[in-house]
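Here the structure is laid out as C-alpha cells; the discussion comes afterwards.
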Amino acid sequence: MKVIVGGCSVSNDFNQSTHIDEVYGQILANQIGADYIHHSVDGGSNYRIWRKITQMVMNNDITD
C-alpha cells in the first residue's frame, strides 16, 4: 500500500522555523504501515498535482 501526496506548501515541510520532522502524509503512512511517496512542492497548483499523479499512474509507478 502507498500514500501519495502531491500538494502545495501545506503538504510540504517548507517552513524550517516550525521544526517539522514529518509531514502529514508521512505520519499517515507510518500509522497504517504504508510506503510514502512525496510529490509536494511550495506553490504546487492543482494542475501540477493532477499532472504528476496522472503521469505516475500512466508510467506504472503506482501499481497498488
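By convention here, the chains of the C-alpha cells are called A, B, ... in the order presented, each chain's residues are numbered starting at 1, and ligands are numbered starting at 1 in the order presented.
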Segment 26-39 of chain A: which residues within 8 Å, counting only C-alpha atoms, same-chain residues fewer than 6 positions away excluded, as a short mmCIF file (atom, residue, chain, number, x, y, z; two decimals) with C-alpha atoms, in the first residue's frame?
data_model
loop_
_atom_site.label_atom_id
_atom_site.label_comp_id
_atom_site.auth_asym_id
_atom_site.auth_seq_id
_atom_site.Cartn_x
_atom_site.Cartn_y
_atom_site.Cartn_z
CA MET A 1 0.00 0.00 0.00
CA LYS A 2 1.17 3.53 -0.74
CA VAL A 3 0.26 7.00 0.44
CA ILE A 4 0.94 9.53 -2.29
CA VAL A 5 0.77 13.23 -1.57
CA GLY A 6 1.09 15.76 -4.35
CA GLY A 7 0.29 19.13 -2.91
CA LYS A 52 2.26 14.49 -11.59
#
> as a PyMOL selection string, which residues of chain A does DSSP assign to strand (DSSP E or B)?
Replying inline: chain A and resi 2-5+35-38
>> For the alpha helix (DSSP H) assignment from backbone DSSP, which residues of chain A qualify? Please present them as a VMD selection string.
In response: chain A and resid 24 to 32 46 to 58
List every residue of segment 7-50 of chain A that has an atom at most 10 Å from any atom of segment 54-64 of chain A, and for each one report the closest atom pair and its distance in Å to one decimal, counting only C-alpha atoms, with rows sorted by chain and then by increasing residue number, as CSV.
residue,atom,partner,partner_atom,distance
A:Ile37,CA,A:Ile62,CA,9.8
A:Arg48,CA,A:Thr54,CA,9.7
A:Ile49,CA,A:Thr54,CA,8.4
A:Trp50,CA,A:Thr54,CA,5.9
Next, write the just-selected residues to a file, as an mmCIF file, in the first residue's frame, keeping N, CA, C and O atoms as the atom set.
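The resulting file, again.cif, is reproduced below:
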data_model
loop_
_atom_site.group_PDB
_atom_site.id
_atom_site.type_symbol
_atom_site.label_atom_id
_atom_site.label_comp_id
_atom_site.auth_asym_id
_atom_site.auth_seq_id
_atom_site.Cartn_x
_atom_site.Cartn_y
_atom_site.Cartn_z
ATOM 1 N N ILE A 37 5.089 8.344 -0.679
ATOM 2 C CA ILE A 37 5.641 8.988 -1.872
ATOM 3 C C ILE A 37 5.295 10.466 -1.783
ATOM 4 O O ILE A 37 4.121 10.845 -1.777
ATOM 5 N N ARG A 48 -0.642 20.947 -11.358
ATOM 6 C CA ARG A 48 0.605 20.208 -11.145
ATOM 7 C C ARG A 48 0.334 18.899 -10.415
ATOM 8 O O ARG A 48 0.879 17.856 -10.766
ATOM 9 N N ILE A 49 -0.525 18.953 -9.391
ATOM 10 C CA ILE A 49 -0.871 17.740 -8.649
ATOM 11 C C ILE A 49 -1.483 16.719 -9.593
ATOM 12 O O ILE A 49 -1.068 15.558 -9.631
ATOM 13 N N TRP A 50 -2.469 17.139 -10.363
ATOM 14 C CA TRP A 50 -3.134 16.240 -11.311
ATOM 15 C C TRP A 50 -2.125 15.681 -12.316
ATOM 16 O O TRP A 50 -2.095 14.483 -12.583
#
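Atom to atom, atom CA of Cys8 of chain A and atom CA of Gly44 of chain A stand 4.3 Å apart.
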